[in-house]
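The block underneath contains the structure these notes are about, expressed in structure tokens.
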Amino acid sequence: MLITFEGLDGSGKTTQAVRLRDWLSAQGHRVLLTREPGGTAIGDAIRAILADPAHVAMHARTELLLFCAARAQLVQERLKPHLAEGGIVISDRFADSTLAYQGYGRGLPLDFLRTLLDFATEGLTPTLTFYLDVPPEAGLQRRRASGTLERMDQEHLDFYRRVREGYLQLAAQSARWVVLDAQLPIEAIAERVRHHVAAHLPSLASHNST
Ligand code: TMP
């Protein structure tokens, strides 16, 4: 089972991914929590290139290929082996981030992106995807307040509006998506996440989702 968290920067998805990991681990499941880009030594090196605020000249195609390269390594080195052993993987971002940011945000062709993503992931698709919806203004504010501005944070609000619109369109296209209001209290979101995950895991269905 592959569970992914998606959302704009500052949507709180990392907090929710960690909470879900802790809850599933407490139920005795073998859980691997990863984040994108990164999650492997090669992926972390690529992440540093992508995040560097000095790299403002990075072309959209370069950016796309770097995200996909990091993801291909993550899938082969960590995700596939863990899933093959029957474990659960939680990923803080996955291929949908590329469709939302590089597709809807940067305007690269979606059909080509889907083909490339299929190649990079060897067709690995999430079972369940939580999209934490936050207005771009609020997300950016949270991000600025955290004091960790990276290269992509220098984008204009219009970029993030397109990304959000893209996420909402993606979510409307497939039943694996669950859209949650990121401005709800953390615990309320966590409870909803647990509820949906429990419904997908027969062994958890009998547990109280709180
Ligand atoms: P993070 O802040 O969730 O760690 O993500 C890093 C940044 O990279 C964030 O601005 C979203 C962006 N991103 C893409 O543009 N495309 C991708 O495929 C991924 C995984 C992230």
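Residue numbers start at 1 in each chain; chains themselves are named A, B, ... in the order of the structure tokens; ligands are numbered from 1 in the order shown.
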To check your reading of the model: which residues sit at most 8 Å from ligand 1 when counting only C-alpha atoms and all ligand atoms? Write the answer as a VMD selection string. chain A and resid 7 to 10 13 to 14 35 to 37 47 50 to 51 63 to 64 67 to 68 71 92 to 102 150 to 153
Please, which residues of stretch 23-153 of chain A, numbered as in this document, come out strand (DSSP E or B) from DSSP, as a list in words?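 Going through stretch 23-153 of chain A, the strand (DSSP E or B) residues come out as Val31, Leu32, Leu33, Thr34, Arg35, Ile88, Val89, Ile90, Ser91, Asp92, Leu128, Thr129, Phe130, Tyr131, Leu132 and Asp133 of chain A.
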Quick check, in Å to one decimal: how far apart do atom CA of A:Phe130 and atom CA of A:Trp177 lie? 5.9 Å
Please indicate the distance in Å from atom CA of A:Leu83 to atom CA of A:Trp23, rounded to one decimal place. 18.4 Å
What is the distance, in Å and to one decimal place, between atom CA of A:Leu65 and atom CA of A:Ser146? 28.1 Å
